[in-house]
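Next up, my_file-v9.cif (mmCIF, C-alpha atoms):
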```
data_final
loop_
_atom_site.label_atom_id
_atom_site.label_comp_id
_atom_site.auth_asym_id
_atom_site.auth_seq_id
_atom_site.Cartn_x
_atom_site.Cartn_y
_atom_site.Cartn_z
CA GLU A 1411 -144.72 -78.92 -19.42
CA THR A 1412 -148.18 -78.78 -20.95
CA GLY A 1413 -151.60 -78.28 -19.51
CA SER A 1414 -153.60 -75.63 -17.80
CA PRO A 1415 -151.64 -73.36 -15.45
CA ARG A 1416 -154.51 -73.57 -12.96
CA LEU A 1417 -156.68 -76.31 -11.54
CA GLU A 1418 -160.32 -75.70 -12.39
CA ARG A 1419 -163.06 -77.17 -10.23
CA TYR A 1420 -166.83 -77.44 -10.63
CA ASN A 1421 -168.96 -78.64 -7.70
CA GLY A 1422 -165.79 -79.86 -5.98
CA TYR A 1423 -164.58 -82.00 -8.90
CA SER A 1424 -161.72 -81.38 -11.28
CA ALA A 1425 -163.23 -79.80 -14.37
CA LEU A 1426 -162.45 -78.88 -17.93
CA GLU A 1427 -164.45 -76.19 -19.68
CA ILE A 1428 -165.27 -76.79 -23.33
CA VAL A 1429 -166.57 -73.82 -25.30
CA GLY A 1430 -167.96 -74.12 -28.80
CA GLU A 1431 -170.91 -73.62 -31.08
CA ALA A 1432 -172.97 -75.77 -33.41
CA ALA A 1433 -171.90 -76.15 -37.03
CA PRO A 1434 -173.82 -74.11 -39.61
CA GLY A 1435 -177.14 -75.78 -40.34
CA VAL A 1436 -177.15 -77.79 -37.09
CA SER A 1437 -179.35 -76.74 -34.17
CA THR A 1438 -177.81 -76.26 -30.75
CA GLY A 1439 -180.11 -78.93 -29.33
CA THR A 1440 -178.80 -81.48 -31.84
CA ALA A 1441 -175.20 -80.51 -31.09
CA MET A 1442 -175.83 -80.89 -27.36
CA ASP A 1443 -177.40 -84.33 -27.89
CA ILE A 1444 -174.31 -85.43 -29.86
CA MET A 1445 -172.02 -84.18 -27.08
CA GLU A 1446 -174.01 -86.16 -24.50
CA LYS A 1447 -173.63 -89.32 -26.60
CA LEU A 1448 -169.87 -88.74 -26.87
CA VAL A 1449 -169.56 -88.35 -23.09
CA GLN A 1450 -171.27 -91.73 -22.59
CA GLN A 1451 -168.37 -93.32 -24.49
CA LEU A 1452 -165.76 -91.89 -22.08
CA PRO A 1453 -164.32 -94.04 -19.27
CA THR A 1454 -166.04 -94.26 -15.90
CA GLY A 1455 -165.63 -91.15 -13.79
CA PHE A 1456 -166.07 -88.63 -16.59
CA GLY A 1457 -169.26 -86.61 -16.71
CA LEU A 1458 -170.95 -83.69 -18.36
CA GLU A 1459 -172.84 -80.77 -16.88
CA TRP A 1460 -174.38 -77.90 -18.81
CA THR A 1461 -173.84 -74.35 -17.56
CA ALA A 1462 -174.77 -70.82 -18.61
CA MET A 1463 -176.85 -70.58 -21.81
CA SER A 1464 -176.74 -74.33 -22.53
CA TYR A 1465 -178.20 -75.05 -19.09
CA GLN A 1466 -180.95 -72.49 -19.64
CA GLU A 1467 -181.71 -73.99 -23.07
CA ARG A 1468 -182.11 -77.46 -21.57
CA LEU A 1469 -184.42 -76.12 -18.85
CA SER A 1470 -186.59 -74.10 -21.20
CA GLY A 1471 -186.97 -76.83 -23.83
CA ALA A 1472 -189.56 -78.68 -21.77
CA GLN A 1473 -191.53 -75.51 -21.06
CA ALA A 1474 -192.19 -74.56 -24.69
CA PRO A 1475 -195.54 -76.41 -25.11
CA ALA A 1476 -196.93 -74.87 -21.92
CA LEU A 1477 -195.82 -71.41 -23.04
CA TYR A 1478 -197.50 -71.85 -26.43
CA ALA A 1479 -200.75 -72.88 -24.74
CA LEU A 1480 -200.55 -69.94 -22.35
CA SER A 1481 -199.91 -67.51 -25.21
CA LEU A 1482 -202.96 -68.83 -27.11
CA LEU A 1483 -205.08 -68.39 -23.98
CA VAL A 1484 -203.88 -64.80 -23.52
CA VAL A 1485 -204.58 -63.98 -27.18
CA PHE A 1486 -208.04 -65.53 -26.87
CA LEU A 1487 -208.83 -63.53 -23.74
CA CYS A 1488 -207.62 -60.29 -25.37
CA LEU A 1489 -209.82 -60.96 -28.41
CA ALA A 1490 -212.76 -61.83 -26.17
CA ALA A 1491 -212.36 -58.52 -24.37
CA LEU A 1492 -211.97 -56.65 -27.66
CA TYR A 1493 -215.03 -58.17 -29.36
CA GLU A 1494 -217.04 -58.56 -26.12
CA SER A 1495 -217.94 -62.08 -27.19
CA TRP A 1496 -216.77 -65.62 -26.47
CA SER A 1497 -217.55 -67.05 -29.92
CA VAL A 1498 -215.96 -64.45 -32.23
CA PRO A 1499 -212.38 -65.03 -30.93
CA PHE A 1500 -212.63 -68.71 -31.92
CA SER A 1501 -213.38 -67.82 -35.52
CA VAL A 1502 -210.67 -65.15 -35.59
CA MET A 1503 -208.05 -67.52 -34.18
CA LEU A 1504 -209.03 -70.33 -36.57
CA VAL A 1505 -208.73 -68.10 -39.64
CA VAL A 1506 -204.98 -67.57 -39.18
CA PRO A 1507 -203.83 -71.24 -39.38
CA LEU A 1508 -206.29 -71.93 -42.20
CA GLY A 1509 -204.91 -68.93 -44.09
CA VAL A 1510 -201.34 -70.17 -43.64
CA ILE A 1511 -202.30 -73.64 -44.86
CA GLY A 1512 -204.03 -72.12 -47.88
CA ALA A 1513 -200.99 -69.98 -48.66
CA LEU A 1514 -198.70 -73.01 -48.44
CA LEU A 1515 -200.93 -75.08 -50.69
CA ALA A 1516 -201.15 -72.27 -53.25
CA THR A 1517 -197.36 -72.05 -53.66
#
```
Show the structure stored in the file as structure tokens.
Amino acid sequence: ETGSPRLERYNGYSALEIVGEAAPGVSTGTAMDIMEKLVQQLPTGFGLEWTAMSYQERLSGAQAPALYALSLLVVFLCLAALYESWSVPFSVMLVVPLGVIGALLAT
């Protein structure tokens, strides 16, 4: 006899846990997208639900732009407090991306 010696359930449904990792050079987001496409090809009644770290990755993916904007605001406010000016932090924050662009163009 083959199969699992126990019946696993998730949210009241029979479940199968698949554990793996992305291939070298492939992001986890890309690997998860591929898995979702594969599940769509399965017969009716089969589904996919992310848990643990994969679930957290899916939730946090949409929050990244807001977190970047918030971090820029915090840096700006810290610089404004440091220089006691509202105009100097703009010039300081603009120098960094321009310096990176210049370094990339020089190489």
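Computed from the coordinates, the atom CA of Ala1472 of chain A to atom CA of Met1445 of chain A distance equals 19.1 Å.
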Separation of atom CA of Leu1477 of chain A from atom CA of Leu1504 of chain A in Å: 18.9 Å
One-decimal distance in Å that lies between atom CA of Leu1417 of chain A and atom CA of Leu1469 of chain A: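 A separation of 28.7 Å between them.
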Close residues, segment 1486-1488 of chain A itself excluded, 10 Å, only C-alpha atoms, min 4 positions apart in chain, as an MDAnalysis selection string: chainID A and resid 1480:1482 1492:1496 1498:1500 1502:1503
Which residues of segment 1453-1516 of chain A sit at most 12 Å from segment 1424-1434 of chain A, using only C-alpha atoms? Give each one's shortest atom pair and distance in Å (one decimal place), in chain and ascending residue order, as a tab-separated table.
```
residue	atom	partner	partner_atom	distance
A:Gly1455	CA	A:Ser1424	CA	10.8
A:Phe1456	CA	A:Ala1425	CA	9.5
A:Gly1457	CA	A:Ala1425	CA	9.4
A:Leu1458	CA	A:Ala1425	CA	9.5
A:Glu1459	CA	A:Glu1427	CA	10.0
A:Trp1460	CA	A:Glu1427	CA	10.1
A:Thr1461	CA	A:Glu1427	CA	9.8
A:Ala1462	CA	A:Val1429	CA	11.0
A:Met1463	CA	A:Val1429	CA	11.3
A:Ser1464	CA	A:Glu1431	CA	10.4
```
Nearest to Leu1489 of chain A, chosen from A:Glu1418, A:Lys1447, A:Ser1501, A:Leu1515, with only C-alpha atoms counted in the distances: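 Between A:Glu1418, A:Lys1447, A:Ser1501, A:Leu1515, the residue approaching Leu1489 of chain A most closely is A:Ser1501.
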As lines of an AutoDock Vina configuration file: centre and edge lengths in Å, one decimal, of the axis-aligned box holding segment 1415-1432 of chain A with 4 Å per side:
```
center_x = -162.3
center_y = -77.7
center_z = -19.7
size_x = 29.3
size_y = 16.6
size_z = 35.4
```
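Minimum distance to Gly1471 of chain A across A:Pro1453, A:Ala1490, A:Pro1415, A:Gly1439 (counting all atoms listed in the file) occurs at A:Gly1439.
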